[in-house]
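Enquirer: See structure.txt below, with compact mmCIF, C-alpha atoms.
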# COMPACT_ATOMS: atom_id res chain seq x y z
CA MET A 1 116.92 104.75 111.51
CA GLY A 2 113.75 102.80 110.81
CA LYS A 3 111.55 104.56 113.38
CA VAL A 4 109.15 104.83 110.44
CA LEU A 5 109.06 101.39 108.84
CA LEU A 6 106.65 100.60 106.01
CA ASP A 7 106.60 96.85 105.39
CA PHE A 8 104.88 95.32 102.36
CA PRO A 9 104.41 91.76 101.09
CA VAL A 10 105.18 92.90 97.53
CA LEU A 11 106.07 96.13 95.73
CA PRO A 12 107.20 96.91 92.20
CA SER A 13 110.27 98.57 93.76
CA THR A 14 111.03 99.91 97.23
CA ASN A 15 113.08 102.70 95.66
CA LEU A 16 110.18 103.74 93.43
CA PHE A 17 107.84 103.77 96.43
CA ALA A 18 110.30 105.99 98.33
CA LEU A 19 110.64 108.36 95.36
CA ASP A 20 106.85 108.61 95.12
CA MET A 21 106.74 109.55 98.81
CA LEU A 22 109.34 112.25 98.23
CA SER A 23 107.39 113.64 95.29
CA GLU A 24 104.43 114.21 97.63
CA GLY A 25 106.20 115.55 100.72
CA ARG A 26 109.16 115.20 103.04
CA PRO A 27 109.10 111.88 104.93
CA ASP A 28 111.12 111.62 108.12
CA GLU A 29 114.80 110.99 107.58
CA GLY A 30 115.53 107.33 108.14
CA THR A 31 112.13 106.21 106.82
CA VAL A 32 112.43 102.60 105.62
CA ILE A 33 110.36 100.95 102.91
CA SER A 34 110.72 97.18 103.04
CA ALA A 35 109.21 94.40 100.91
CA ARG A 36 109.33 90.62 100.92
CA SER A 37 109.21 90.64 97.13
CA GLN A 38 109.76 93.09 94.27
CA THR A 39 108.42 92.80 90.73
CA GLU A 40 110.56 95.55 89.18
CA GLY A 41 113.68 95.60 91.36
CA ARG A 42 116.69 97.32 89.82
CA GLY A 43 120.40 97.28 90.52
CA GLN A 44 123.38 99.34 89.40
CA ALA A 45 123.42 100.62 85.78
CA GLY A 46 119.84 99.52 85.13
CA ALA A 47 120.38 95.82 85.81
CA SER A 48 117.47 93.87 87.27
CA TRP A 49 117.64 92.58 90.84
CA GLU A 50 116.25 89.07 91.29
CA SER A 51 115.15 87.79 94.70
CA GLU A 52 113.07 84.83 95.81
CA PRO A 53 110.03 86.12 97.76
CA GLY A 54 110.41 86.01 101.51
CA LYS A 55 114.04 84.91 101.48
CA ASN A 56 116.09 88.08 101.44
CA ILE A 57 116.32 91.71 102.55
CA LEU A 58 114.82 94.23 100.12
CA LEU A 59 114.54 97.76 101.43
CA SER A 60 115.09 101.44 100.77
CA VAL A 61 116.05 104.17 103.23
CA ILE A 62 115.40 107.89 102.81
CA PHE A 63 118.28 110.22 103.72
CA TYR A 64 118.73 114.01 103.61
CA PRO A 65 122.54 114.30 103.39
CA ASP A 66 122.62 118.06 102.80
CA PHE A 67 125.88 118.20 104.77
CA VAL A 68 127.68 116.31 101.97
CA ASP A 69 129.16 118.42 99.18
CA THR A 70 128.16 116.92 95.84
CA SER A 71 131.71 117.44 94.55
CA ALA A 72 132.70 114.65 96.97
CA HIS A 73 129.50 112.64 96.71
CA PHE A 74 131.19 109.23 96.72
CA PHE A 75 131.75 109.46 100.46
CA LEU A 76 128.00 108.87 100.78
CA ASN A 77 128.26 105.74 98.64
CA GLN A 78 131.23 104.56 100.67
CA ALA A 79 129.47 105.03 104.01
CA ILE A 80 126.37 103.11 102.93
CA ALA A 81 128.41 100.35 101.26
CA LEU A 82 130.51 99.98 104.41
CA ALA A 83 127.35 99.65 106.50
CA VAL A 84 126.10 96.77 104.36
CA ARG A 85 129.53 95.18 104.48
CA ASP A 86 129.58 95.56 108.28
CA LEU A 87 126.31 93.65 108.44
CA ALA A 88 127.41 90.90 106.03
CA ALA A 89 130.77 90.44 107.78
CA GLY A 90 128.96 89.97 111.08
CA LEU A 91 126.76 87.20 109.70
CA LEU A 92 129.47 84.67 108.91
CA ALA A 93 133.17 83.95 109.21
CA HIS A 94 134.14 84.58 105.58
CA PRO A 95 136.07 87.44 103.95
CA VAL A 96 133.61 90.14 102.84
CA THR A 97 134.74 92.83 100.43
CA LEU A 98 133.35 95.83 98.56
CA LYS A 99 133.40 95.57 94.79
CA TRP A 100 133.53 99.05 93.29
CA PRO A 101 131.37 100.98 93.31
CA ASN A 102 129.05 99.41 95.91
CA ASP A 103 128.46 95.68 95.56
CA ILE A 104 129.16 93.38 98.50
CA TYR A 105 131.18 90.24 97.81
CA ILE A 106 131.86 87.10 99.79
CA GLY A 107 134.99 85.72 98.18
CA ASP A 108 134.38 86.16 94.45
CA ARG A 109 130.60 86.01 94.69
CA LYS A 110 128.02 88.75 95.11
CA THR A 111 125.77 88.78 98.17
CA ALA A 112 124.39 92.33 98.10
CA GLY A 113 123.89 95.32 95.83
CA ILE A 114 123.10 98.97 96.45
CA LEU A 115 121.30 101.48 94.25
CA LEU A 116 121.47 105.16 95.26
CA GLN A 117 119.06 107.60 93.67
CA THR A 118 119.56 111.25 94.53
CA SER A 119 118.27 114.74 93.90
CA ILE A 120 120.74 117.62 93.85
CA LYS A 121 120.22 121.37 94.05
CA GLY A 122 123.28 123.54 93.59
CA PHE A 123 126.10 121.81 95.43
CA ARG A 124 123.96 119.98 97.99
CA PHE A 125 121.85 116.87 98.09
CA GLN A 126 118.12 117.38 98.51
CA TYR A 127 117.64 113.68 99.26
CA CYS A 128 119.10 110.24 98.73
CA VAL A 129 117.17 106.99 98.45
CA ALA A 130 119.42 104.04 99.25
CA GLY A 131 118.04 100.79 97.88
CA ILE A 132 119.62 97.65 99.32
CA GLY A 133 119.19 94.07 98.18
CA LEU A 134 120.87 91.52 100.45
CA ASN A 135 120.82 87.78 99.81
CA VAL A 136 120.16 85.99 103.10
CA ASN A 137 118.25 82.71 102.95
CA GLN A 138 117.98 82.10 99.20
CA THR A 139 119.97 79.03 98.14
CA ALA A 140 119.11 78.71 94.43
CA PHE A 141 119.61 81.49 91.91
CA SER A 142 118.86 81.99 88.22
CA GLU A 143 121.41 80.80 85.68
CA HIS A 144 121.77 84.48 84.78
CA LEU A 145 123.28 85.03 88.25
CA PRO A 146 126.11 82.49 88.31
CA ASN A 147 128.12 84.30 90.99
CA ALA A 148 125.32 85.00 93.50
CA VAL A 149 125.76 83.73 97.04
CA SER A 150 123.98 83.98 100.40
CA PRO A 151 124.88 83.26 104.03
CA ALA A 152 122.43 80.33 103.99
CA MET A 153 124.35 78.75 101.10
CA LEU A 154 127.57 78.92 103.10
CA THR A 155 126.27 77.92 106.52
CA GLY A 156 123.33 75.67 105.67
CA GLN A 157 121.19 77.62 108.15
CA ASP A 158 118.43 80.18 107.71
CA LEU A 159 118.62 83.52 109.50
CA ASP A 160 115.78 85.52 111.05
CA LEU A 161 115.09 88.22 108.46
CA HIS A 162 113.61 90.62 111.02
CA GLU A 163 116.77 90.44 113.12
CA VAL A 164 118.99 90.85 110.05
CA ARG A 165 117.00 93.92 108.99
CA GLU A 166 117.28 95.48 112.45
CA ASP A 167 121.03 94.87 112.50
CA LEU A 168 121.36 96.37 109.03
CA LEU A 169 119.55 99.54 110.10
CA LEU A 170 121.87 99.88 113.09
CA CYS A 171 124.90 99.54 110.81
CA LEU A 172 123.47 102.17 108.45
CA GLU A 173 122.85 104.57 111.31
CA GLU A 174 126.39 104.16 112.66
CA ARG A 175 128.02 104.81 109.28
CA TYR A 176 125.69 107.72 108.47
CA LEU A 177 126.52 109.38 111.78
CA GLN A 178 130.22 108.83 111.05
CA LEU A 179 129.75 110.61 107.73
CA ARG A 180 127.76 113.42 109.37
CA ALA A 181 130.61 113.86 111.89
CA GLY A 182 132.95 114.61 108.98
CA GLN A 183 135.07 111.46 109.32
CA THR A 184 135.49 111.15 105.56
CA GLU A 185 139.16 110.17 105.67
CA ALA A 186 138.41 107.26 108.00
CA ILE A 187 135.58 106.19 105.69
CA ARG A 188 137.85 106.41 102.64
CA GLU A 189 140.63 104.41 104.28
CA GLU A 190 138.29 101.68 105.45
CA TYR A 191 136.60 101.47 102.05
CA LEU A 192 139.98 100.94 100.38
CA ARG A 193 141.00 98.40 103.03
CA HIS A 194 137.98 96.28 102.15
CA LEU A 195 137.97 97.01 98.40
CA TYR A 196 137.80 93.94 96.17
CA ARG A 197 141.12 93.40 94.32
CA PHE A 198 142.66 96.56 95.74
CA ASP A 199 146.36 96.81 94.79
CA GLU A 200 146.26 93.34 93.22
CA PRO A 201 147.12 92.52 89.58
CA ALA A 202 143.85 92.08 87.70
CA LEU A 203 142.41 92.16 84.20
CA PHE A 204 140.06 94.94 83.15
CA GLN A 205 138.11 95.67 79.98
CA ARG A 206 137.41 99.14 78.62
CA LYS A 207 134.04 99.86 77.05
CA ASP A 208 135.64 99.66 73.59
CA GLY A 209 136.58 96.02 74.33
CA HIS A 210 140.28 96.62 75.01
CA ILE A 211 141.59 94.31 77.76
CA PHE A 212 144.48 95.40 79.95
CA GLU A 213 146.20 94.43 83.19
CA GLY A 214 146.35 96.86 86.07
CA ARG A 215 146.11 97.47 89.80
CA ILE A 216 143.45 99.46 91.61
CA THR A 217 145.18 102.29 93.45
CA GLY A 218 142.20 104.23 94.78
CA VAL A 219 138.82 105.84 94.21
CA THR A 220 138.31 109.59 93.75
CA PRO A 221 135.82 111.59 95.88
CA GLN A 222 133.65 111.64 92.75
CA GLY A 223 133.65 107.82 92.60
CA LEU A 224 136.06 107.25 89.72
CA LEU A 225 138.11 104.05 89.95
CA GLN A 226 141.84 104.71 89.70
CA VAL A 227 143.81 101.95 87.98
CA ARG A 228 147.56 101.87 87.41
CA HIS A 229 148.59 100.19 84.15
CA GLY A 230 151.45 100.23 81.67
CA GLN A 231 150.65 103.74 80.42
CA GLY A 232 150.20 105.31 83.86
CA VAL A 233 147.09 105.79 86.03
CA SER A 234 143.61 106.16 84.56
CA ALA A 235 140.36 107.07 86.29
CA PHE A 236 137.20 105.29 85.12
CA ASP A 237 133.50 105.87 85.57
CA VAL A 238 131.29 102.87 86.31
CA LYS A 239 130.30 102.42 82.65
CA GLU A 240 133.83 102.81 81.31
CA VAL A 241 135.55 99.70 82.69
CA ALA A 242 134.66 96.20 83.82
CA PHE A 243 136.43 93.51 85.84
CA LEU A 244 137.42 90.28 84.10
Please express the file's structure as structure tokens.
Expert:
Amino acid sequence: MGKVLLDFPVLPSTNLFALDMLSEGRPDEGTVISARSQTEGRGQAGASWESEPGKNILLSVIFYPDFVDTSAHFFLNQAIALAVRDLAAGLLAHPVTLKWPNDIYIGDRKTAGILLQTSIKGFRFQYCVAGIGLNVNQTAFSEHLPNAVSPAMLTGQDLDLHEVREDLLLCLEERYLQLRAGQTEAIREEYLRHLYRFDEPALFQRKDGHIFEGRITGVTPQGLLQVRHGQGVSAFDVKEVAFL
């Protein structure tokens, strides 16, 4: 992972750069596109990703997970999310959780986000571009990001971004090899063990505005969030329910 590393001072988006590379050929698996700053960074569901230049980790990794059946594609999300959580948990002595589907939380605040963009042919992936934004040394965030947090905010110390990036790539390689080895049940169990608000009473809001109380009971192989509530258990896509 990262044997081919393309490092830029600024890009519109590391994911877009990776997708352009894939449109022109087949880069080596594990190719990393990294930038100190992005002008058009994007997060989950089209949200923008804000990052102070030179303070955080912004990168994309190219994978060819053709061994993963697309009917159980969420195992790929889980493996990559666990890798980022592994890295974050090793940086500081605070509880680090995974907020469905693939945000990384320290307490109740977000420290990292992941955007996966894939191409599928038949029942197999042709490629996956995993975009990762990880807050590291930034200590002031926009008022539009009231719950953002970084290790530097919690420890008062800056980290070496090159070392953090190298550690992140090692974590990604370990989890990807675990997925390749077919250890999906272990990945699923660990994802649930670290899942934010798993099996805890919480408030949720449906896309029609209806608010209800429930408990997260699991996540399907297709990535649907399973929530037990007064009427039974419902499975939600990412755009169908929100945490309150």
Enquirer: Please provide the set of residues having any atom within 7 Å of A:Phe236, restricted to only C-alpha atoms, with same-chain residues fewer than 2 positions apart removed, written as a list in words.
Expert: Leu224, Leu225, Gln226, Ser234, Val238, Glu240 and Val241 of chain A
Enquirer: Rank A:Arg180, A:Lys99, A:Lys3, A:Arg165 by their smallest atom-to-atom distance to A:Ile216, using all atoms listed in the file, and report the top residue only.
Expert: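 Of A:Arg180, A:Lys99, A:Lys3, A:Arg165, the one nearest A:Ile216, counting all atoms listed in the file, is A:Lys99.
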Enquirer: Using all atoms listed in the file for the distances, tell me which of A:Arg26, A:Arg36, A:Arg197, A:Arg42 is nearest to A:Gly131.
Expert: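 The answer is A:Arg42, which sits nearest to A:Gly131.
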Enquirer: Do you know which residues are at most 10 Å from A:Ser119 counting all atoms listed in the file, after dropping those on the same chain fewer than 3 positions away, and could you put them as a CSV table (one decimal) with C-alpha atoms, in the coordinates of the input?
Expert:
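The resulting file, result20.csv, is reproduced below:
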chain,number,residue,atom,x,y,z
A,64,TYR,CA,118.7,114.0,103.6
A,124,ARG,CA,124.0,120.0,98.0
A,125,PHE,CA,121.8,116.9,98.1
A,126,GLN,CA,118.1,117.4,98.5
A,127,TYR,CA,117.6,113.7,99.3
A,128,CYS,CA,119.1,110.2,98.7
A,129,VAL,CA,117.2,107.0,98.4
Enquirer: Counting all atoms listed in the file, figure out which residue out of A:Leu177, A:Ala93, A:Cys171, A:Ile106 gets nearest to A:Asn147.
Expert: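 Closest residue, counting all atoms listed in the file: A:Ile106.
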Enquirer: Please indicate the distance in Å from atom CA of A:Thr118 to atom CA of A:Leu91, rounded to one decimal place.
Expert: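 For atom CA of A:Thr118 relative to atom CA of A:Leu91, the distance reads 29.3 Å.
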Enquirer: Which residue, A:Ala35, A:Ala235, A:Ala88, A:Ala186, has the smallest gap to A:Leu159 when you use all atoms listed in the file?
Expert: A:Ala88
Enquirer: Write out as a VMD selection string each polymer residue whose atoms come within 12 Å of A:Asp20, counting only C-alpha atoms; drop sequence neighbours fewer than 6 positions from it.
Expert: chain A and resid 13 to 14 26 to 27 33 62 129
Enquirer: So which one's closest to A:Ser51, A:Val136, A:Lys121, A:Thr70, A:Ile80? Using all atoms listed in the file, please.
Expert: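 Of A:Val136, A:Lys121, A:Thr70, A:Ile80, the one nearest A:Ser51 is A:Val136, counting all atoms listed in the file.
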Enquirer: Quick check, in Å to one decimal: how far apart do atom CA of A:Gln178 and atom CA of A:Leu58 lie?
Expert: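 If I compute the distance from atom CA of A:Gln178 to atom CA of A:Leu58, I get 23.9 Å.
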Enquirer: Pick the closest to A:Glu29 from A:Tyr176, A:Ala79, A:Phe243, A:Asp69: which is it, counting only C-alpha atoms?
Expert: A:Tyr176
Enquirer: Just the residues within 6 Å of A:Gly2, please, counting all atoms listed in the file, with nothing from its chain fewer than 2 positions along; format it as a PyMOL selection string.
Expert: chain A and resi 4-5+30-32
Enquirer: State, in Å with one decimal place, the distance from atom CA of A:His194 to atom CA of A:Asn102.
Expert: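 Interatomic distance, atom CA of A:His194 to atom CA of A:Asn102: 11.3 Å.
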Enquirer: From (135.0, 82.6, 107.0), in the file's coordinates, out to 10 Å: which residues are reached, counting all atoms listed in the file? Answer as a list in words.
Expert: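 Here the neighbourhood of the point contains Ala89, Leu91, Leu92, Ala93, His94, Pro95, Val96, Ile106, Gly107, Leu154 and Thr155 of chain A.
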Enquirer: For a cutoff of 7 Å around the file-coordinate point (127.1, 109.7, 91.5), which residues qualify once you count all atoms listed in the file? I'd like the result as a ChimeraX atom specification.
Expert: /A:73-74,222-223
Enquirer: Using all atoms listed in the file, determine which residues lie at most 10 Å from A:Leu170, disregarding the query and same-chain residues fewer than 3 positions distant; provide the list as a compact mmCIF listing (two decimals) with C-alpha atoms, in the coordinates of the input.
Expert:
# COMPACT_ATOMS: atom_id res chain seq x y z
CA MET A 1 116.92 104.75 111.51
CA GLY A 2 113.75 102.80 110.81
CA ALA A 83 127.35 99.65 106.50
CA LEU A 87 126.31 93.65 108.44
CA VAL A 164 118.99 90.85 110.05
CA ARG A 165 117.00 93.92 108.99
CA GLU A 166 117.28 95.48 112.45
CA ASP A 167 121.03 94.87 112.50
CA GLU A 173 122.85 104.57 111.31
CA GLU A 174 126.39 104.16 112.66
CA ARG A 175 128.02 104.81 109.28
CA TYR A 176 125.69 107.72 108.47
